[in-house]
Amino acid sequence: MNIVQQTEEKLKEEIAQSVLKAELATEDQLPSIVLEQPKEKAHGDYATNIAMQLAKIAKKAPRQIAEDIIAQFDRSKASIKDIEIAGPGFINFFMDNQYLTNLIPTILEEGENYGSSQVGNGEKIQVEFVSANPTGDLHLGHARGASVGDALCNVLAKAGYDVQREYYINDAGNQIANLATSVQARYMQALGKDWPMPEDGYHGQDIINLGKQLAEEHQDSLEDKPEEERLAFFRQYGLKYELEKLEKDLADFRVTFDHWFSETSLYEDGKIQPALDTLKDKGYIYDEDGATWFRSTDFGDDKDRVLIKNDGTYTYLTPDIAYHKNKLDRGFETLINIWGADHHGYIPRMKAAIQALGYESDTLEVEIIQMVNLFQNGERVKMSKRTGKAVTLRELMEEVGIDAMRYFFVMRSSDSHLDFDMDLAKSESNENPVYYVQYAHARICTMLKQAEEKGFTDEGYNGALLTSEKEEDLLKKLGEFTQVVEEAAVKRMPHRITQYIFDLASNLHSFYNAEKVLDADDEERTKARIALMRAVKTTIANGMQLIGVSAPEKM
RNA sequence: GUCCUAGUAGCUCAGCUGGAUAGAGCAACAGCCUUCUAAGCUGUAGGUCGCAGGUUCGAAUCCUGCCUGGGACGCCA
C-alpha cells in the first residue's frame with residue numbers, strides 16, 4: 001500500500017470512528033465508507049457521502065449528521081487541512097498535500113515495480129486469448145484481442161495474480177482438413193495445374209505463398225503420391241507453417257504465450273472420453289435422435305447441445321469441454337477467455353459446461369472483444385474472410401507501427417466497437433494520442449539529459465519545495481497509479497491504463513509549460529523538480545509497459 | 001421471433017460502489033515559441049446522457065417497456 005492508499009484508509013477509519021463516537025449508528029449499521037475524489041477542486045481533495053447514507057438510520061437531516069461527525073473528527077489523524085460541509089450533506093476534506101511528496105522516494109526506489117500490488121493475492125488465473133485457427137493470417141480482430149489480452153495479463157500480473165497466458169490451437173477437425181485441401185490446390189496451381197479451390201477453402205495470400213514454396217521445394221514430386229498420403233503431408237506441413245507464422249507475427253507484435261495448447265493433444269492423451277464420462281456420471285447427458293446431448297438447459301442455456309453427432313463425430317463443443325476441464329484440472333482458480341464478438345452466443349453453453357463439471361459459473365469469465373472497423377481516407381475498408389481480402393496484422397504493423405496499434409486497440413473498452421482510423425494512427429501529429437504520451441516521456445528524458453550535462457542532480461532534494469498547483473496535480477496523479485492498476489486488474493479493464501497515462505502525460509505537459517525545471521538561479525527547486533520528473537518518467541514508462549507500447553527517450 | 005451488446009457534444013469515446021454544475025481528444029474559434037522538444041500549453045463555444053415510465057434524499061448509472069445500430073441463435077468451427 002502506498003502513502004496515498006494509507007492516507008485514504010486512515011481517513012475512512014477516522015470517519016467511521018467519528019460516526020460511532022457521535023452515536024449516529026452502531027457498528028452493525030455502519031455502511032462501508034465511500035471516499036471519492038470530487039471532480040471540482042472547490043469540493044476538496046476527498047469527499048464522503050456518509051451523512052446522506054446515514055439519514056435514514058440516524059433519523060436526522062444529512063447536514064446535521066455531517067456537523068455531528070465533524071465535531072468528533074480528529075483531523076490530526078490524516079493530514080487534513082480543512083473540512084467543510086457542502087451541498088445536500090457532503091463532507092469535503094481538504095488535505096495538506098505535503099504528504100504526497102513522500103511518493104517520490106517510493107517511486108524512485110521501486111522503479112519498474114512501482115504500481116505493483118498484491119490484490120490478486122497470488123490467485124492462479126489463466127487467460128486464453130487470440131486462439132485463431134491456424135488456417136490463415138491474423139487480422140484486425142485478432143490484433144485487438146491480442147492487444148487487450150496481453151495488456152490484461154500484464155495488469156493482472158502487476159496486481160499480484162499468478163497469470164498464465166495460453167493459446168488454444170484448433171488443429172483438429174474440419175478446418176484443418178480444409179487447410180490441407182487448400183494447400184493442395186495452391187500447390188497444384190503453382191505447378192500450373194487447373195485445380196479448383198475446395199468449397200470451404202482458405203483463400204488467403206499466405207496459402208498461395210505456401211503453395212509456391214512447396215512447388216519450388218518439391219517440384220511435381222508430390223503429385224504422384226496417393227491422395228491420403230499427400231493430404232496428410234499438406235496438412236502437417238501447412239499446420240507447421242501456419243503455427244510458426246502465428247507465433248512470429250504475435251511475437252513481433254510483442255505478444256508471447258506461456259503455453260500453446262493443441263486440440264489434437266486432447267485426443268492423443270485421451271482427454272475427451274473422461275470429460276464426457278464426468279458429465280454422464282452426473283446425469284447431464286442423454287441420447288436422442290441418434291445423437292448424444294448435453295442438458296445445458298439445466299444451467300440456463302436456452303437449448304440443449306449436441307456432443308456426439310449421429311454420424312459418430314464430436315461437435316466443436318465436446319473437445320472444448322474437455323479442454324476446459326483440463327484447464328481446471330491444472331489448478332487454475334479462474335479462467336478468462338477472450339473471444340471475438342461472433343462467439344458470444346457460445347458463452348451460456350460453455351458456462352453450463354463449467355457448472356456441470358462441478359464449478360461455479362464465475363470460474364469462467366468471458367471477455368468479448370467487439371469488432372474492429374477499419375477506416376482509410378475517411379472510408380470504411382470492406383473485409384471478407386471468404387475471399388481472403390482482409391488487412392492482416394502483419395500489414396498493419398508495417399504500415400502504422402506497433403505502438404499505435406497496441407495503444408489504439410486497448411484505448412477503448414473492449415465491449416464497444418472500435419473504429420480504427422489508419423490515417424490517424426499513422427499521423428505524426430497532435431491528433432494521435434500515442435505520440436502525446438510518448439512525447440511526455442521523451443520530454444522528461446531530454447530534461448534529465450540536459451540536467452546531467454549542466455551538472456544538476458536531485459541529490460539531497462527537498463520535496464517540500466514542490467508546492468505549485470501543477471506540482472500537486474502531478475503528485476496526486478502519481479499516487480493514483482497503483483489503484484488504477486488494481487482496478488484495471490480486478491475489473492478486467494485494461495483500457496483504464498491508457499486513460500491514466502494519458503491524464504498523467506497531460507499533467508506533465510501542463511506543468512512543463514507553466515514551470516521551468518532546470519533553473520540555475522534556484523538550485524534547490526531544480527533538485528526537487530528533477531526528482532519529480534524522474535518519478536513521472538518511471539510511472540509513465542510503467543504504464544506504457546503494461547499496454548505494450550514503447551517509451552522512447554527522444555522523438 | 002428469442003437472446004446478447006451498444007446508444008452520452010459535430011466526430012471518436014470516458015464516466016468507479018447511484019452523488020454536487022455529465023468529462024476528454026479531435027474538429028471550430030481566440031491566444032502562447034529570443035527560455036528544458038509547439039508531436040506542447042492556455043482559454044471560448046458546444047449536451048432533452050435514444051424515448052417513456054418506475055425505484056429514492058439523489059439516476060447517464062439500478063428496474064420495466066419501447067425505438068435504433070451491431071452481433072448471436074447449426075448434429076459448422
# chains A, B, ... in the order shown; residues from 1 in each chain; ligands from 1

$ interface_residues --of "chain A" --to "chain B" --cutoff "7 Å" --atoms "only C-alpha atoms (C1' of nucleotides)" --output "list in words"
Gly87, Val306, Lys309, Asn310, Tyr316, Ala341, Asp342, His344, Gly345, Ser416, Glu428, Ser429, Asn430, Glu431, Tyr435, Tyr436, Tyr439, Arg443, Met447, His509, Ser510, Asn513, Lys516, Val517 and Leu518 of chain A

$ residues_around --residues "G10 in chain B" --least-positions-apart "6" --cutoff "10 Å" --atoms "only C-alpha atoms (C1' of nucleotides)" --output "JSON, numbers by chain"
{"B": [27, 28, 46]}

$ write_last_selection --atoms "all heavy atoms" --output "PDB file, in the first residue's frame"
ATOM      1  P     A B  27      -7.669  18.987 -34.591  1.00  0.00           P
ATOM      2  OP1   A B  27      -6.665  19.106 -35.663  1.00  0.00           O
ATOM      3  OP2   A B  27      -7.511  19.764 -33.340  1.00  0.00           O
ATOM      4  O5'   A B  27      -9.113  19.300 -35.187  1.00  0.00           O
ATOM      5  C5'   A B  27      -9.501  18.746 -36.444  1.00  0.00           C
ATOM      6  C4'   A B  27     -10.947  19.072 -36.709  1.00  0.00           C
ATOM      7  O4'   A B  27     -11.782  18.417 -35.720  1.00  0.00           O
ATOM      8  C3'   A B  27     -11.318  20.546 -36.583  1.00  0.00           C
ATOM      9  O3'   A B  27     -10.983  21.298 -37.731  1.00  0.00           O
ATOM     10  C2'   A B  27     -12.818  20.447 -36.357  1.00  0.00           C
ATOM     11  O2'   A B  27     -13.507  20.133 -37.547  1.00  0.00           O
ATOM     12  C1'   A B  27     -12.883  19.252 -35.404  1.00  0.00           C
ATOM     13  N9    A B  27     -12.747  19.712 -34.017  1.00  0.00           N
ATOM     14  C8    A B  27     -11.634  19.682 -33.215  1.00  0.00           C
ATOM     15  N7    A B  27     -11.833  20.199 -32.021  1.00  0.00           N
ATOM     16  C5    A B  27     -13.161  20.591 -32.043  1.00  0.00           C
ATOM     17  C6    A B  27     -13.981  21.210 -31.085  1.00  0.00           C
ATOM     18  N6    A B  27     -13.568  21.542 -29.862  1.00  0.00           N
ATOM     19  N1    A B  27     -15.264  21.466 -31.426  1.00  0.00           N
ATOM     20  C2    A B  27     -15.681  21.132 -32.655  1.00  0.00           C
ATOM     21  N3    A B  27     -15.003  20.536 -33.652  1.00  0.00           N
ATOM     22  C4    A B  27     -13.741  20.297 -33.271  1.00  0.00           C
ATOM     23  P     A B  28     -10.381  22.749 -37.533  1.00  0.00           P
ATOM     24  OP1   A B  28     -10.109  23.290 -38.889  1.00  0.00           O
ATOM     25  OP2   A B  28      -9.292  22.681 -36.532  1.00  0.00           O
ATOM     26  O5'   A B  28     -11.605  23.540 -36.872  1.00  0.00           O
ATOM     27  C5'   A B  28     -12.809  23.727 -37.592  1.00  0.00           C
ATOM     28  C4'   A B  28     -13.706  24.699 -36.866  1.00  0.00           C
ATOM     29  O4'   A B  28     -14.204  24.083 -35.651  1.00  0.00           O
ATOM     30  C3'   A B  28     -13.023  25.975 -36.370  1.00  0.00           C
ATOM     31  O3'   A B  28     -12.903  26.940 -37.403  1.00  0.00           O
ATOM     32  C2'   A B  28     -13.961  26.413 -35.254  1.00  0.00           C
ATOM     33  O2'   A B  28     -15.116  27.055 -35.770  1.00  0.00           O
ATOM     34  C1'   A B  28     -14.376  25.073 -34.650  1.00  0.00           C
ATOM     35  N9    A B  28     -13.550  24.711 -33.491  1.00  0.00           N
ATOM     36  C8    A B  28     -12.527  23.800 -33.439  1.00  0.00           C
ATOM     37  N7    A B  28     -11.981  23.681 -32.251  1.00  0.00           N
ATOM     38  C5    A B  28     -12.689  24.580 -31.468  1.00  0.00           C
ATOM     39  C6    A B  28     -12.595  24.925 -30.108  1.00  0.00           C
ATOM     40  N6    A B  28     -11.714  24.384 -29.265  1.00  0.00           N
ATOM     41  N1    A B  28     -13.451  25.859 -29.634  1.00  0.00           N
ATOM     42  C2    A B  28     -14.341  26.400 -30.480  1.00  0.00           C
ATOM     43  N3    A B  28     -14.531  26.160 -31.784  1.00  0.00           N
ATOM     44  C4    A B  28     -13.666  25.221 -32.212  1.00  0.00           C
ATOM     45  P     G B  46     -22.337  27.228 -25.476  1.00  0.00           P
ATOM     46  OP1   G B  46     -23.674  27.837 -25.539  1.00  0.00           O
ATOM     47  OP2   G B  46     -21.643  27.070 -24.175  1.00  0.00           O
ATOM     48  O5'   G B  46     -22.402  25.813 -26.189  1.00  0.00           O
ATOM     49  C5'   G B  46     -22.965  25.679 -27.501  1.00  0.00           C
ATOM     50  C4'   G B  46     -22.473  24.412 -28.135  1.00  0.00           C
ATOM     51  O4'   G B  46     -21.028  24.394 -28.113  1.00  0.00           O
ATOM     52  C3'   G B  46     -22.855  23.124 -27.401  1.00  0.00           C
ATOM     53  O3'   G B  46     -24.163  22.697 -27.765  1.00  0.00           O
ATOM     54  C2'   G B  46     -21.784  22.157 -27.877  1.00  0.00           C
ATOM     55  O2'   G B  46     -22.080  21.635 -29.156  1.00  0.00           O
ATOM     56  C1'   G B  46     -20.560  23.073 -27.973  1.00  0.00           C
ATOM     57  N9    G B  46     -19.721  22.982 -26.775  1.00  0.00           N
ATOM     58  C8    G B  46     -19.724  23.799 -25.678  1.00  0.00           C
ATOM     59  N7    G B  46     -18.852  23.459 -24.765  1.00  0.00           N
ATOM     60  C5    G B  46     -18.229  22.334 -25.306  1.00  0.00           C
ATOM     61  C6    G B  46     -17.193  21.521 -24.781  1.00  0.00           C
ATOM     62  O6    G B  46     -16.601  21.631 -23.700  1.00  0.00           O
ATOM     63  N1    G B  46     -16.876  20.476 -25.650  1.00  0.00           N
ATOM     64  C2    G B  46     -17.468  20.258 -26.869  1.00  0.00           C
ATOM     65  N2    G B  46     -17.028  19.203 -27.562  1.00  0.00           N
ATOM     66  N3    G B  46     -18.423  21.020 -27.368  1.00  0.00           N
ATOM     67  C4    G B  46     -18.750  22.020 -26.546  1.00  0.00           C
TER      68        G B  46
END

$ closest_residue --among "A:Ala157, A:Lys325, A:Asn92, A:Thr264" --to "Lys39 in chain A" --atoms "only C-alpha atoms"
A:Asn92

$ residues_around --residues "range 206-223 of chain A" --least-positions-apart "6" --cutoff "9 Å" --atoms "only C-alpha atoms (C1' of nucleotides)" --output "list in words"
Thr135, Gly136, Asp137, Leu179, Ser182, Val183, Gln184, Ala185, Arg186, Tyr187, Met188, Gln189, Ala190, Leu191, Arg230, Gly238, Tyr241 and Glu242 of chain A

$ residues_around --residues "range 62-66 of chain A" --least-positions-apart "3" --cutoff "10 Å" --atoms "only C-alpha atoms (C1' of nucleotides)" --output "list in words"
Val19, Ala22, Leu24, Thr48, Asn49, Ile50, Ala51, Met52, Gln53, Leu54, Ala55, Lys56, Ala58, Lys59, Ile69, Ile70, Ala71, Glu84, Ile85, Ala86, Gly87, Pro88, Gly89, Phe90 and Ile91 of chain A; C57 of chain B

$ select_by_dssp --residues "range 336-533 of chain A" --states "helix (DSSP H, G or I)" --output "NGL selection string"
:A and (341-356 or 361-363 or 393-400 or 402-411 or 422-426 or 433-453 or 463-465 or 469-490 or 495-514 or 523-533)

$ residues_around --residues "Glu524 in chain A" --least-positions-apart "2" --cutoff "9 Å" --atoms "only C-alpha atoms (C1' of nucleotides)" --output "list in words"
Asp458, Gly460, Tyr461, Asn462, Leu465, Asp522, Thr526, Lys527, Ala528 and Arg529 of chain A

$ residues_around --residues "G7 in chain B" --least-positions-apart "4" --cutoff "10 Å" --atoms "only C-alpha atoms (C1' of nucleotides)" --output "list in words"
C49, G50, U68 and G69 of chain B

$ select_by_dssp --residues "range 157-229 of chain A" --states "strand (DSSP E)" --output "NGL selection string"
:A and (162-169)

$ closest_residue --among "A:Asp194, A:Glu471, A:Glu379, A:Asp96" --to "Asp421 in chain A" --atoms "only C-alpha atoms"
A:Glu379

$ residues_around --residues "A45 in chain B" --least-positions-apart "2" --cutoff "12 Å" --atoms "only C-alpha atoms (C1' of nucleotides)" --output "ChimeraX atom specification"
/B:9,28-30,43
